[in-house]
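Asker: Below is the file final21.csv, which contains CSV, N, CA and C atoms.
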chain,number,residue,atom,x,y,z
W,25,MET,N,-44.6,96.3,-5.5
W,25,MET,CA,-45.0,97.6,-5.5
W,25,MET,C,-45.4,98.1,-4.0
W,26,ALA,N,-46.1,97.2,-3.3
W,26,ALA,CA,-46.6,97.5,-2.0
W,26,ALA,C,-45.4,97.7,-1.1
W,27,THR,N,-44.3,97.0,-1.3
W,27,THR,CA,-43.1,97.1,-0.5
W,27,THR,C,-42.5,98.5,-0.7
W,28,GLN,N,-42.3,99.0,-2.0
W,28,GLN,CA,-41.8,100.3,-2.3
W,28,GLN,C,-42.6,101.4,-1.6
W,29,PHE,N,-43.9,101.2,-1.8
W,29,PHE,CA,-44.9,102.2,-1.2
W,29,PHE,C,-44.7,102.2,0.4
W,30,GLY,N,-44.7,101.1,1.0
W,30,GLY,CA,-44.6,101.0,2.4
W,30,GLY,C,-43.3,101.5,2.9
W,31,GLN,N,-42.2,101.2,2.2
W,31,GLN,CA,-40.9,101.7,2.6
W,31,GLN,C,-40.8,103.2,2.5
W,32,PHE,N,-41.4,103.8,1.5
W,32,PHE,CA,-41.5,105.2,1.3
W,32,PHE,C,-42.2,105.8,2.5
W,33,LEU,N,-43.4,105.3,2.8
W,33,LEU,CA,-44.2,105.8,3.9
W,33,LEU,C,-43.4,105.8,5.2
W,34,ARG,N,-42.8,104.7,5.5
W,34,ARG,CA,-42.1,104.6,6.7
W,34,ARG,C,-40.9,105.6,6.8
W,35,GLN,N,-40.2,105.6,5.7
W,35,GLN,CA,-39.0,106.6,5.7
W,35,GLN,C,-39.5,108.0,5.9
W,36,ARG,N,-40.6,108.4,5.2
W,36,ARG,CA,-41.1,109.8,5.3
W,36,ARG,C,-41.6,110.0,6.7
W,37,ARG,N,-42.3,109.1,7.3
W,37,ARG,CA,-42.9,109.2,8.7
W,37,ARG,C,-41.7,109.3,9.7
W,38,GLU,N,-40.7,108.5,9.5
W,38,GLU,CA,-39.6,108.5,10.4
W,38,GLU,C,-38.8,109.8,10.3
W,39,GLU,N,-38.6,110.4,9.1
W,39,GLU,CA,-38.0,111.7,8.9
W,39,GLU,C,-38.7,112.7,9.7
W,40,LEU,N,-40.0,112.7,9.6
W,40,LEU,CA,-40.8,113.7,10.3
W,40,LEU,C,-40.8,113.5,11.8
W,41,LYS,N,-40.7,112.3,12.2
W,41,LYS,CA,-40.7,111.9,13.6
W,41,LYS,C,-39.5,112.4,14.3
W,42,GLU,N,-38.4,112.6,13.6
W,42,GLU,CA,-37.1,113.1,14.2
W,42,GLU,C,-37.3,114.5,14.8
W,43,THR,N,-38.2,115.3,14.3
W,43,THR,CA,-38.4,116.6,14.9
W,43,THR,C,-39.8,116.8,15.5
W,44,ASP,N,-40.7,115.8,15.3
W,44,ASP,CA,-42.0,115.9,15.9
W,44,ASP,C,-42.6,114.5,16.2
W,45,SER,N,-42.7,114.3,17.5
W,45,SER,CA,-43.1,112.9,18.0
W,45,SER,C,-44.5,112.6,17.6
W,46,SER,N,-45.3,113.5,17.1
W,46,SER,CA,-46.7,113.2,16.6
W,46,SER,C,-46.7,112.3,15.4
W,47,TYR,N,-45.5,112.0,14.8
W,47,TYR,CA,-45.4,111.2,13.7
W,47,TYR,C,-45.0,109.7,14.0
W,48,SER,N,-45.2,109.4,15.3
W,48,SER,CA,-45.0,108.0,15.6
W,48,SER,C,-46.0,107.1,14.9
W,49,LEU,N,-45.7,105.8,14.7
W,49,LEU,CA,-46.6,104.9,14.0
W,49,LEU,C,-48.0,105.0,14.7
W,50,ARG,N,-48.0,104.9,16.0
W,50,ARG,CA,-49.3,104.8,16.7
W,50,ARG,C,-50.1,106.1,16.5
W,51,ARG,N,-49.4,107.3,16.6
W,51,ARG,CA,-50.2,108.5,16.5
W,51,ARG,C,-50.6,108.8,15.1
W,52,VAL,N,-49.8,108.5,14.1
W,52,VAL,CA,-50.3,108.6,12.7
W,52,VAL,C,-51.5,107.7,12.4
W,53,ALA,N,-51.4,106.5,12.9
W,53,ALA,CA,-52.5,105.6,12.7
W,53,ALA,C,-53.8,106.1,13.3
W,54,GLU,N,-53.7,106.6,14.5
W,54,GLU,CA,-54.8,107.2,15.2
W,54,GLU,C,-55.4,108.4,14.4
W,55,LYS,N,-54.6,109.2,13.9
W,55,LYS,CA,-55.0,110.4,13.2
W,55,LYS,C,-55.9,110.0,12.0
W,56,ILE,N,-55.6,108.9,11.3
W,56,ILE,CA,-56.3,108.5,10.1
W,56,ILE,C,-57.4,107.4,10.4
W,57,GLY,N,-57.5,107.0,11.7
W,57,GLY,CA,-58.5,106.1,12.0
W,57,GLY,C,-58.2,104.6,11.7
W,58,ILE,N,-57.0,104.2,11.7
W,58,ILE,CA,-56.7,102.8,11.4
W,58,ILE,C,-55.9,102.3,12.6
W,59,GLU,N,-55.8,101.0,12.7
W,59,GLU,CA,-55.0,100.3,13.7
W,59,GLU,C,-53.5,100.5,13.5
W,60,PRO,N,-52.7,100.7,14.5
W,60,PRO,CA,-51.3,100.8,14.3
W,60,PRO,C,-50.7,99.6,13.7
W,61,SER,N,-51.2,98.4,14.0
W,61,SER,CA,-50.7,97.2,13.4
W,61,SER,C,-50.9,97.1,11.9
W,62,TYR,N,-52.1,97.7,11.5
W,62,TYR,CA,-52.3,97.7,10.0
W,62,TYR,C,-51.4,98.7,9.3
W,63,LEU,N,-51.1,99.8,9.9
W,63,LEU,CA,-50.1,100.8,9.3
W,63,LEU,C,-48.7,100.1,9.3
W,64,SER,N,-48.4,99.4,10.4
W,64,SER,CA,-47.1,98.7,10.4
W,64,SER,C,-47.0,97.7,9.3
W,65,LYS,N,-48.0,97.0,9.1
W,65,LYS,CA,-48.0,96.0,8.0
W,65,LYS,C,-47.9,96.6,6.6
W,66,ILE,N,-48.6,97.8,6.4
W,66,ILE,CA,-48.5,98.5,5.2
W,66,ILE,C,-47.0,98.9,5.0
W,67,GLU,N,-46.4,99.5,6.0
W,67,GLU,CA,-45.1,100.0,5.9
W,67,GLU,C,-44.1,98.9,5.6
W,68,ARG,N,-44.3,97.7,6.1
W,68,ARG,CA,-43.4,96.6,5.9
W,68,ARG,C,-43.7,95.8,4.7
W,69,GLY,N,-44.8,96.2,3.9
W,69,GLY,CA,-45.1,95.5,2.7
W,69,GLY,C,-45.8,94.2,2.9
W,70,ILE,N,-46.3,93.9,4.1
W,70,ILE,CA,-47.0,92.7,4.4
W,70,ILE,C,-48.5,92.8,4.0
W,71,GLU,N,-49.0,94.0,4.2
W,71,GLU,CA,-50.4,94.2,3.8
W,71,GLU,C,-50.5,94.9,2.4
W,72,LYS,N,-51.5,94.5,1.6
W,72,LYS,CA,-51.6,95.1,0.3
W,72,LYS,C,-51.9,96.6,0.5
W,73,SER,N,-51.8,97.3,-0.6
W,73,SER,CA,-52.0,98.8,-0.5
W,73,SER,C,-53.4,99.1,0.0
W,74,PRO,N,-53.4,100.2,0.8
W,74,PRO,CA,-54.7,100.5,1.4
W,74,PRO,C,-55.6,101.2,0.4
W,75,SER,N,-56.8,101.6,0.9
W,75,SER,CA,-57.8,102.2,0.0
W,75,SER,C,-57.3,103.6,-0.4
W,76,GLU,N,-58.0,104.2,-1.4
W,76,GLU,CA,-57.7,105.5,-1.8
W,76,GLU,C,-57.8,106.5,-0.7
W,77,HIS,N,-58.9,106.3,0.1
W,77,HIS,CA,-59.1,107.2,1.2
W,77,HIS,C,-58.0,107.2,2.2
W,78,VAL,N,-57.5,106.1,2.6
W,78,VAL,CA,-56.4,106.0,3.5
W,78,VAL,C,-55.1,106.6,2.9
W,79,VAL,N,-54.8,106.3,1.6
W,79,VAL,CA,-53.7,106.9,1.0
W,79,VAL,C,-53.8,108.4,1.0
W,80,ASN,N,-54.9,108.9,0.7
W,80,ASN,CA,-55.1,110.4,0.7
W,80,ASN,C,-54.9,111.0,2.0
W,81,GLN,N,-55.3,110.3,3.1
W,81,GLN,CA,-55.1,110.8,4.4
W,81,GLN,C,-53.6,110.7,4.8
W,82,LEU,N,-53.0,109.7,4.4
W,82,LEU,CA,-51.5,109.6,4.7
W,82,LEU,C,-50.8,110.7,3.9
W,83,ALA,N,-51.2,110.9,2.7
W,83,ALA,CA,-50.5,112.0,1.9
W,83,ALA,C,-50.7,113.3,2.6
W,84,ALA,N,-51.8,113.6,3.1
W,84,ALA,CA,-52.1,114.9,3.8
W,84,ALA,C,-51.2,115.0,5.1
W,85,ILE,N,-51.2,113.9,5.8
W,85,ILE,CA,-50.4,114.0,7.1
W,85,ILE,C,-48.9,114.1,6.9
W,86,LEU,N,-48.5,113.4,5.8
W,86,LEU,CA,-47.0,113.3,5.6
W,86,LEU,C,-46.5,114.4,4.6
W,87,GLY,N,-47.5,115.3,4.2
W,87,GLY,CA,-47.1,116.4,3.3
W,87,GLY,C,-46.7,115.9,1.9
W,88,GLU,N,-47.3,114.9,1.4
W,88,GLU,CA,-46.9,114.3,0.1
W,88,GLU,C,-48.1,114.5,-0.9
W,89,ASP,N,-47.8,114.4,-2.2
W,89,ASP,CA,-48.8,114.5,-3.2
W,89,ASP,C,-49.6,113.3,-3.3
W,90,PRO,N,-50.9,113.4,-3.1
W,90,PRO,CA,-51.7,112.1,-3.1
W,90,PRO,C,-51.7,111.3,-4.4
W,91,ASP,N,-51.5,112.0,-5.5
W,91,ASP,CA,-51.5,111.3,-6.8
W,91,ASP,C,-50.2,110.4,-6.9
W,92,VAL,N,-49.1,111.0,-6.3
W,92,VAL,CA,-47.8,110.3,-6.3
W,92,VAL,C,-47.9,109.0,-5.4
W,93,LEU,N,-48.5,109.2,-4.2
W,93,LEU,CA,-48.6,108.1,-3.3
W,93,LEU,C,-49.6,107.0,-3.9
W,94,LEU,N,-50.7,107.5,-4.5
W,94,LEU,CA,-51.6,106.5,-5.1
W,94,LEU,C,-50.9,105.7,-6.2
W,95,ALA,N,-50.1,106.4,-7.0
W,95,ALA,CA,-49.3,105.7,-8.1
W,95,ALA,C,-48.4,104.7,-7.5
W,96,MET,N,-47.7,105.1,-6.4
W,96,MET,CA,-46.7,104.2,-5.7
W,96,MET,C,-47.5,103.0,-5.2
W,97,ALA,N,-48.7,103.1,-4.8
W,97,ALA,CA,-49.6,102.1,-4.3
W,97,ALA,C,-50.2,101.3,-5.4
W,98,GLY,N,-50.0,101.6,-6.6
W,98,GLY,CA,-50.6,100.9,-7.8
W,98,GLY,C,-52.0,101.3,-8.0
W,99,LYS,N,-52.4,102.5,-7.6
W,99,LYS,CA,-53.8,102.9,-7.8
W,99,LYS,C,-53.8,104.2,-8.6
W,100,ILE,N,-55.0,104.6,-8.9
W,100,ILE,CA,-55.2,105.9,-9.5
W,100,ILE,C,-56.5,106.5,-8.9
W,101,SER,N,-56.5,107.8,-8.7
W,101,SER,CA,-57.5,108.5,-8.0
W,101,SER,C,-58.9,108.3,-8.7
W,102,THR,N,-59.9,108.3,-8.0
W,102,THR,CA,-61.3,108.1,-8.6
W,102,THR,C,-61.6,109.2,-9.6
W,103,ASP,N,-61.2,110.4,-9.3
W,103,ASP,CA,-61.6,111.5,-10.3
W,103,ASP,C,-60.8,111.3,-11.6
W,104,LEU,N,-59.6,110.8,-11.6
W,104,LEU,CA,-58.8,110.6,-12.8
W,104,LEU,C,-59.4,109.4,-13.5
W,105,ALA,N,-59.8,108.4,-12.8
W,105,ALA,CA,-60.4,107.2,-13.5
W,105,ALA,C,-61.7,107.6,-14.2
W,106,GLU,N,-62.5,108.4,-13.5
W,106,GLU,CA,-63.7,108.8,-14.1
W,106,GLU,C,-63.5,109.7,-15.4
W,107,ILE,N,-62.5,110.5,-15.4
W,107,ILE,CA,-62.1,111.3,-16.5
W,107,ILE,C,-61.7,110.4,-17.7
W,108,ILE,N,-60.9,109.5,-17.4
W,108,ILE,CA,-60.4,108.6,-18.4
W,108,ILE,C,-61.5,107.7,-19.0
W,109,GLN,N,-62.4,107.2,-18.1
W,109,GLN,CA,-63.5,106.4,-18.5
W,109,GLN,C,-64.5,107.1,-19.4
W,110,LYS,N,-64.6,108.4,-19.3
W,110,LYS,CA,-65.5,109.2,-20.2
W,110,LYS,C,-65.0,109.3,-21.6
W,111,ARG,N,-63.7,109.3,-21.7
W,111,ARG,CA,-63.1,109.5,-23.1
W,111,ARG,C,-61.8,108.6,-23.1
W,112,PRO,N,-62.0,107.2,-23.0
W,112,PRO,CA,-60.9,106.3,-22.9
W,112,PRO,C,-59.9,106.3,-24.1
W,113,GLN,N,-60.5,106.4,-25.3
W,113,GLN,CA,-59.6,106.4,-26.5
W,113,GLN,C,-58.7,107.6,-26.5
W,114,VAL,N,-59.3,108.8,-26.3
W,114,VAL,CA,-58.5,110.0,-26.3
W,114,VAL,C,-57.4,110.1,-25.3
W,115,PHE,N,-57.8,109.7,-24.0
W,115,PHE,CA,-56.8,109.8,-23.0
W,115,PHE,C,-55.7,108.7,-23.1
W,116,ALA,N,-56.1,107.5,-23.5
W,116,ALA,CA,-55.2,106.4,-23.7
W,116,ALA,C,-54.1,106.9,-24.8
W,117,GLU,N,-54.6,107.5,-25.9
W,117,GLU,CA,-53.7,108.0,-26.9
W,117,GLU,C,-52.8,109.1,-26.4
W,118,LEU,N,-53.3,110.0,-25.6
W,118,LEU,CA,-52.6,111.1,-25.0
W,118,LEU,C,-51.5,110.6,-24.1
W,119,ILE,N,-51.8,109.7,-23.2
W,119,ILE,CA,-50.9,109.1,-22.2
W,119,ILE,C,-49.8,108.3,-22.9
W,120,ARG,N,-50.2,107.5,-23.9
W,120,ARG,CA,-49.1,106.8,-24.6
W,120,ARG,C,-48.2,107.7,-25.4
W,121,ALA,N,-48.8,108.7,-26.0
W,121,ALA,CA,-47.9,109.7,-26.7
W,121,ALA,C,-47.0,110.4,-25.8
W,122,ALA,N,-47.4,110.7,-24.6
W,122,ALA,CA,-46.6,111.4,-23.7
W,122,ALA,C,-45.6,110.6,-22.8
W,123,LYS,N,-45.7,109.3,-22.9
W,123,LYS,CA,-45.0,108.5,-21.9
W,123,LYS,C,-43.5,108.6,-22.0
W,124,ASN,N,-42.9,108.9,-23.2
W,124,ASN,CA,-41.5,109.0,-23.4
W,124,ASN,C,-41.0,110.5,-23.5
W,125,LEU,N,-41.9,111.4,-23.3
W,125,LEU,CA,-41.5,112.8,-23.4
W,125,LEU,C,-40.9,113.2,-22.0
W,126,PRO,N,-40.0,114.2,-22.1
W,126,PRO,CA,-39.4,114.7,-20.8
W,126,PRO,C,-40.5,115.4,-20.0
W,127,ASP,N,-40.4,115.5,-18.7
W,127,ASP,CA,-41.4,116.1,-17.9
W,127,ASP,C,-41.7,117.5,-18.3
W,128,GLN,N,-40.7,118.3,-18.6
W,128,GLN,CA,-40.9,119.7,-19.0
W,128,GLN,C,-41.8,119.8,-20.2
W,129,SER,N,-41.7,118.9,-21.2
W,129,SER,CA,-42.5,118.9,-22.4
W,129,SER,C,-44.0,118.6,-22.0
W,130,VAL,N,-44.2,117.7,-21.2
W,130,VAL,CA,-45.5,117.3,-20.7
W,130,VAL,C,-46.1,118.5,-20.0
W,131,LEU,N,-45.3,119.1,-19.1
W,131,LEU,CA,-45.8,120.2,-18.3
W,131,LEU,C,-46.2,121.4,-19.2
W,132,ARG,N,-45.4,121.6,-20.3
W,132,ARG,CA,-45.7,122.7,-21.2
W,132,ARG,C,-47.1,122.5,-21.9
W,133,VAL,N,-47.3,121.2,-22.3
W,133,VAL,CA,-48.6,120.9,-22.9
W,133,VAL,C,-49.7,121.1,-21.8
W,134,VAL,N,-49.5,120.7,-20.6
W,134,VAL,CA,-50.5,120.9,-19.6
W,134,VAL,C,-50.8,122.4,-19.4
W,135,ARG,N,-49.8,123.2,-19.3
W,135,ARG,CA,-49.9,124.7,-19.1
W,135,ARG,C,-50.7,125.3,-20.3
W,136,GLU,N,-50.4,124.8,-21.5
W,136,GLU,CA,-51.1,125.4,-22.7
W,136,GLU,C,-52.5,125.0,-22.7
W,137,VAL,N,-52.8,123.8,-22.3
W,137,VAL,CA,-54.2,123.3,-22.2
W,137,VAL,C,-55.0,124.1,-21.1
W,138,ARG,N,-54.3,124.2,-19.9
W,138,ARG,CA,-55.0,124.9,-18.8
W,138,ARG,C,-55.2,126.3,-19.1
W,139,ASP,N,-54.2,127.0,-19.7
W,139,ASP,CA,-54.3,128.4,-19.9
W,139,ASP,C,-55.0,128.8,-21.2
W,140,GLY,N,-55.4,127.8,-22.0
W,140,GLY,CA,-56.0,128.1,-23.3
W,140,GLY,C,-55.2,128.7,-24.3
W,141,ASP,N,-53.9,128.6,-24.1
W,141,ASP,CA,-52.9,129.2,-25.0
W,141,ASP,C,-52.5,128.2,-26.1
W,142,TRP,N,-53.4,128.0,-27.1
W,142,TRP,CA,-53.1,127.1,-28.1
W,142,TRP,C,-52.4,127.7,-29.2
Give the structure from this file in C-alpha cells form.
Answerer:
Amino acid sequence: MATQFGQFLRQRREELKETDSSYSLRRVAEKIGIEPSYLSKIERGIEKSPSEHVVNQLAAILGEDPDVLLAMAGKISTDLAEIIQKRPQVFAELIRAAKNLPDQSVLRVVREVRDGDW
C-alpha cells in the first residue's frame, strides 16, 4: 500500500513540476517541514506512510483530496475515526451495507442525509 501511495505522490508532484518548478522534491519537502530524503523514501515506498498531518499537507500542496490520500496511505482521518468510535455498530453496518453499491447510490444517500430530504 505504501508503494502505491508513494508512486501516486511522485507522479502527481512530477506532473505539477512540469509547469512549476516549486514542485521539486526539495521544495515540496521544505513547504511541509520534512527532509527531502524522507519525502523521497515515501515516494519510493521505502518509508512507511507518514502521519495524518503530513498526508494532509501533501494533499493541500498537490491539490488532492486528503481523505483519498489518507486511504491510499492505509489511514483514516482522526475526525472520521472519532465519529465511527462514537457509534461503531451503526457505522459499521452502514459501511458494510454500502460497500457494494455504486458510487451514485451512496452519494444519493449522502445528499438525502445532508439535506434532510428523507
Asker: Counting all atoms listed in the file, which of W:Gln81, W:Phe32, W:Val52, W:Asp89 gets nearest to Glu67 (chain W)?
Answerer: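 Closest to Glu67 (chain W), using all atoms listed in the file: W:Phe32.
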Asker: So how far away is CA of Ile66 (chain W) from CA of Lys41 (chain W), in Å?
Answerer: 17.6 Å
Asker: So, counting all atoms listed in the file, which residue among W:Gly87, W:Gly69, W:Pro126, W:Gly140 is closest to Gln28 (chain W)?
Answerer: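 The answer is W:Gly69, which sits nearest to Gln28 (chain W).
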Asker: Expressed in Å to a single decimal, how great is the separation between atom C of Tyr47 (chain W) and atom C of Ala83 (chain W)?
Answerer: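 Distance reported for this atom pair: 13.2 Å.
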Asker: Tell me, as a PyMOL selection string, which residues lie within 5 Å of region 94-104 of chain W, counting only N, CA and C atoms; anything in the same chain fewer than 4 positions away does not count.
Answerer: chain W and resi 29+90+108
